[in-house]
Amino acid sequence: MSLELSTQRMQAHIADGIGWMTFNNPARHNALSLEMWQGIGDILKYFAGNDEVRVIIMRGAGGKAFVSGADISEFDEKRANSEQRASYGQIAGRAAHWLGKIEKPLIALIEGYCIGGGLATALSADVRFATPDSRFGIPAAKLGLGYEYEGLAKLARLVGPSNARDIMFSARFMPAIEAKEMGIVNFIHNRENIEKICMEYALNIASNAPLTVKAAKAAVNAWERDSRLEEVTEVRAMVDACFNSEDYKEGRKAFAAKRKPVFSNK
């Protein structure tokens with residue numbers, strides 16, 4: 001099932017419990033335009049409300065880049081001053097909100113360049129797959145633009161303050177193996193089999209108990225955000241919901257019968 005969107009530069013479809021979101025601007029190495037930011041928000045909002053979707057995979061079209069950053073060609077027209085920045089930020093902020101809010105597991109399948117806003121987008125994923133030839137970096141210091149606090153805080157939590165400073169100060173690009181050593185990437189696979197392996201991984205998640213996965217993601221997110229009381233309270237409620245669920249009963253029955261459980265998200 002494919003989604004109809006207001007832009008051709010974003011594509012989305014659902015298959016076997018996986019929601020696929022594709023950045024489709026290969027002529028510009030999938031640089032994020034304003035209409036693409038709008039599409040990201042629309043897609044993730046739809047996936048969030050569709051019970052058929054258990055896991056989301058995002059990737060770039062064309063094979064040369066996941067996302068190469070923001071579409072700088074738009075900046076003179078749509079991001080030239082603080083007023084335009086605010087308007088641009090509302091649309092991009094809605095997409096960023098959904099990337100951070102989505103309760104379902106989010107996987108990034110990275111081939112080629114993953115730069116600037118592309119890296120920030122990839123960091124919003126729960127798990128990241130990359131090809132050996134992928135390249136990562138944030139060249140903000142070569143453009144003179146400021147980098148938002150939330151994105152840098154996420155980077156620093158993941159790679160540590162020292163590595164975050166190196167990435168930002170040097171504006172250098174790093175290979176996939178170094179990104180994996182830093183914790184930016186979870187898995188590296190060759191282009192020939194990365195899609196198959198990533199799909200198998202996603203299908204494995206999709207077969208697990210959705211309420212348990214949701215509670216686990218919420219718990220890790222709460223820890224990342226300094227264990228704020230209201231979020232921890234929500235996580236505890238989610239854990240209680242797991243123990244009171246039909247899926248917990250199904251899991252116990254399947255274990256006793258030595259069969260694979262069939263979870264219903266109830």
# chains A, B, ... in the order shown; residues from 1 in each chain; ligands from 1
call {"tool": "residues_around", "arguments": {"residues": "Gly62 (chain A)", "least_positions_apart": "4", "cutoff": "8 Å", "atoms": "only C-alpha atoms", "output": "VMD selection string"}}
result
chain A and resid 24 26 29
call {"tool": "residues_around", "arguments": {"residues": "Gly41 (chain A)", "least_positions_apart": "5", "cutoff": "8 Å", "atoms": "only C-alpha atoms", "output": "ChimeraX atom specification"}}
result
/A:94-96,98-99
call {"tool": "write_last_selection", "arguments": {"atoms": "N, CA and C atoms", "output": "mmCIF file, in the first residue's frame"}}
result
data_model
loop_
_atom_site.group_PDB
_atom_site.id
_atom_site.type_symbol
_atom_site.label_atom_id
_atom_site.label_comp_id
_atom_site.auth_asym_id
_atom_site.auth_seq_id
_atom_site.Cartn_x
_atom_site.Cartn_y
_atom_site.Cartn_z
ATOM 1 N N ARG A 94 7.924 20.564 12.841
ATOM 2 C CA ARG A 94 6.854 19.556 12.913
ATOM 3 C C ARG A 94 7.405 18.183 12.544
ATOM 4 N N ALA A 95 8.217 18.125 11.497
ATOM 5 C CA ALA A 95 8.825 16.854 11.106
ATOM 6 C C ALA A 95 9.755 16.337 12.200
ATOM 7 N N ALA A 96 10.590 17.230 12.742
ATOM 8 C CA ALA A 96 11.507 16.840 13.815
ATOM 9 C C ALA A 96 10.738 16.357 15.038
ATOM 10 N N TRP A 98 7.853 14.783 15.019
ATOM 11 C CA TRP A 98 7.405 13.420 14.765
ATOM 12 C C TRP A 98 8.564 12.433 14.787
ATOM 13 N N LEU A 99 9.720 12.852 14.288
ATOM 14 C CA LEU A 99 10.883 11.965 14.344
ATOM 15 C C LEU A 99 11.251 11.632 15.787
#
call {"tool": "atom_distance", "arguments": {"atom1": "CA of Cys242 (chain A)", "atom2": "CA of Ile197 (chain A)"}}
result
28.8 Å
call {"tool": "residues_around", "arguments": {"residues": "Phe136 (chain A)", "least_positions_apart": "3", "cutoff": "8 Å", "atoms": "only C-alpha atoms", "output": "list in words"}}
result
Tyr113, Cys114, Ile115, Leu119, Phe173, Met174, Pro175, Ala176 and Ala179 of chain A
call {"tool": "select_by_dssp", "arguments": {"residues": "region 71-181 of chain A", "states": "alpha helix (DSSP H)", "output": "PyMOL selection string"}}
result
chain A and resi 75-78+82-101+117-123+140-143+149-159+161-170+176-181
call {"tool": "decode", "arguments": {"residues": "region 50-202 of chain A", "atoms": "C-alpha atoms", "output": "tab-separated table (two decimals), in the first residue's frame"}}
result
chain	number	residue	atom	x	y	z
A	50	ASN	CA	-1.90	2.99	11.56
A	51	ASP	CA	-1.94	-0.23	13.60
A	52	GLU	CA	-0.71	-2.19	10.57
A	53	VAL	CA	2.66	-0.46	10.89
A	54	ARG	CA	4.82	-2.13	13.54
A	55	VAL	CA	8.23	-0.81	12.45
A	56	ILE	CA	9.40	2.08	10.24
A	57	ILE	CA	12.41	2.07	7.91
A	58	MET	CA	13.65	5.31	6.37
A	59	ARG	CA	16.12	5.45	3.49
A	60	GLY	CA	17.33	7.61	0.63
A	61	ALA	CA	16.57	7.02	-3.05
A	62	GLY	CA	19.28	6.57	-5.65
A	63	GLY	CA	21.92	4.81	-3.55
A	64	LYS	CA	24.34	7.75	-3.38
A	65	ALA	CA	23.03	9.33	-0.18
A	66	PHE	CA	20.71	8.81	2.75
A	67	VAL	CA	20.31	12.56	3.10
A	68	SER	CA	23.11	15.00	2.25
A	69	GLY	CA	21.76	17.78	4.46
A	70	ALA	CA	19.42	20.68	3.91
A	71	ASP	CA	18.73	21.88	0.37
A	72	ILE	CA	20.95	24.98	0.46
A	73	SER	CA	19.61	26.14	-2.91
A	74	GLU	CA	16.43	27.16	-1.06
A	75	PHE	CA	18.16	29.23	1.60
A	76	ASP	CA	18.27	32.52	-0.33
A	77	GLU	CA	14.54	32.31	-0.98
A	78	LYS	CA	13.18	30.55	2.10
A	79	ARG	CA	15.80	30.87	4.87
A	80	ALA	CA	17.66	34.12	4.23
A	81	ASN	CA	16.90	35.88	7.53
A	82	SER	CA	15.58	35.29	11.03
A	83	GLU	CA	11.93	35.80	10.02
A	84	GLN	CA	12.14	33.26	7.21
A	85	ARG	CA	14.10	30.96	9.51
A	86	ALA	CA	11.17	30.98	11.94
A	87	SER	CA	8.67	30.08	9.19
A	88	TYR	CA	10.97	27.40	7.80
A	89	GLY	CA	11.52	26.13	11.32
A	90	GLN	CA	7.81	25.62	11.94
A	91	ILE	CA	7.52	23.13	9.10
A	92	ALA	CA	10.87	21.46	9.75
A	93	GLY	CA	10.08	21.49	13.47
A	94	ARG	CA	6.85	19.56	12.91
A	95	ALA	CA	8.83	16.85	11.11
A	96	ALA	CA	11.51	16.84	13.82
A	97	HIS	CA	8.75	16.57	16.42
A	98	TRP	CA	7.41	13.42	14.76
A	99	LEU	CA	10.88	11.97	14.34
A	100	GLY	CA	11.38	12.36	18.08
A	101	LYS	CA	7.83	11.51	19.14
A	102	ILE	CA	7.06	8.41	17.07
A	103	GLU	CA	6.52	5.53	19.49
A	104	LYS	CA	7.19	2.78	16.97
A	105	PRO	CA	10.73	1.51	16.28
A	106	LEU	CA	12.45	3.65	13.66
A	107	ILE	CA	15.32	2.25	11.59
A	108	ALA	CA	17.65	4.19	9.27
A	109	LEU	CA	19.03	2.35	6.23
A	110	ILE	CA	22.01	4.44	5.15
A	111	GLU	CA	23.75	4.16	1.78
A	112	GLY	CA	26.33	6.80	0.85
A	113	TYR	CA	26.38	10.29	2.33
A	114	CYS	CA	24.65	11.03	5.62
A	115	ILE	CA	25.55	14.66	6.18
A	116	GLY	CA	24.35	17.62	8.27
A	117	GLY	CA	20.59	17.47	8.59
A	118	GLY	CA	20.81	13.95	7.20
A	119	LEU	CA	22.91	12.85	10.15
A	120	ALA	CA	20.53	14.62	12.53
A	121	THR	CA	17.65	12.75	10.89
A	122	ALA	CA	19.50	9.44	11.11
A	123	LEU	CA	20.23	10.05	14.80
A	124	SER	CA	16.48	10.19	15.44
A	125	ALA	CA	16.32	6.51	14.46
A	126	ASP	CA	16.51	3.84	17.13
A	127	VAL	CA	18.80	1.62	15.07
A	128	ARG	CA	21.04	2.49	12.11
A	129	PHE	CA	22.33	0.25	9.31
A	130	ALA	CA	25.01	1.54	6.92
A	131	THR	CA	27.04	0.41	3.94
A	132	PRO	CA	30.87	0.36	4.19
A	133	ASP	CA	31.11	3.31	1.78
A	134	SER	CA	28.78	5.54	3.80
A	135	ARG	CA	30.16	8.88	4.98
A	136	PHE	CA	29.04	10.90	7.99
A	137	GLY	CA	29.59	14.48	9.11
A	138	ILE	CA	28.14	17.88	9.99
A	139	PRO	CA	29.70	20.66	7.84
A	140	ALA	CA	27.91	23.53	9.60
A	141	ALA	CA	31.21	25.26	10.43
A	142	LYS	CA	32.01	25.44	6.71
A	143	LEU	CA	28.72	27.21	6.02
A	144	GLY	CA	28.60	29.57	8.97
A	145	LEU	CA	25.18	28.41	10.15
A	146	GLY	CA	24.24	27.68	13.76
A	147	TYR	CA	23.30	24.18	14.83
A	148	GLU	CA	20.23	23.72	17.00
A	149	TYR	CA	20.74	22.70	20.64
A	150	GLU	CA	18.49	19.64	20.46
A	151	GLY	CA	20.46	18.11	17.61
A	152	LEU	CA	23.80	18.67	19.30
A	153	ALA	CA	22.54	17.37	22.63
A	154	LYS	CA	21.41	14.16	20.89
A	155	LEU	CA	24.80	13.83	19.19
A	156	ALA	CA	26.73	14.43	22.42
A	157	ARG	CA	24.66	11.86	24.32
A	158	LEU	CA	25.35	9.29	21.63
A	159	VAL	CA	29.04	9.80	20.89
A	160	GLY	CA	30.19	11.70	23.99
A	161	PRO	CA	31.15	15.38	24.34
A	162	SER	CA	34.69	14.98	23.00
A	163	ASN	CA	33.62	13.27	19.78
A	164	ALA	CA	30.75	15.73	19.36
A	165	ARG	CA	33.22	18.63	19.55
A	166	ASP	CA	35.49	16.94	17.00
A	167	ILE	CA	32.58	16.41	14.58
A	168	MET	CA	31.36	20.00	14.90
A	169	PHE	CA	34.68	21.85	15.10
A	170	SER	CA	36.43	20.01	12.25
A	171	ALA	CA	33.35	19.66	9.99
A	172	ARG	CA	35.11	16.58	8.60
A	173	PHE	CA	33.52	13.53	7.04
A	174	MET	CA	34.14	10.15	8.65
A	175	PRO	CA	33.88	6.64	7.21
A	176	ALA	CA	31.27	4.12	8.33
A	177	ILE	CA	33.69	2.09	10.43
A	178	GLU	CA	34.63	5.16	12.50
A	179	ALA	CA	30.96	6.09	12.83
A	180	LYS	CA	30.28	2.58	14.14
A	181	GLU	CA	33.12	2.85	16.65
A	182	MET	CA	31.58	6.10	17.92
A	183	GLY	CA	28.13	4.52	18.24
A	184	ILE	CA	26.50	6.42	15.38
A	185	VAL	CA	26.00	3.19	13.41
A	186	ASN	CA	24.82	-0.15	14.81
A	187	PHE	CA	25.47	-2.43	11.81
A	188	ILE	CA	27.51	-2.28	8.61
A	189	HIS	CA	26.57	-4.48	5.65
A	190	ASN	CA	27.49	-4.55	1.97
A	191	ARG	CA	25.15	-2.91	-0.51
A	192	GLU	CA	24.27	-6.28	-2.03
A	193	ASN	CA	22.54	-7.52	1.13
A	194	ILE	CA	21.88	-4.53	3.39
A	195	GLU	CA	18.22	-4.16	2.36
A	196	LYS	CA	17.50	-7.86	2.91
A	197	ILE	CA	19.23	-7.92	6.30
A	198	CYS	CA	17.57	-4.69	7.41
A	199	MET	CA	14.15	-6.05	6.40
A	200	GLU	CA	14.75	-9.29	8.28
A	201	TYR	CA	15.72	-7.31	11.35
A	202	ALA	CA	12.59	-5.15	11.06
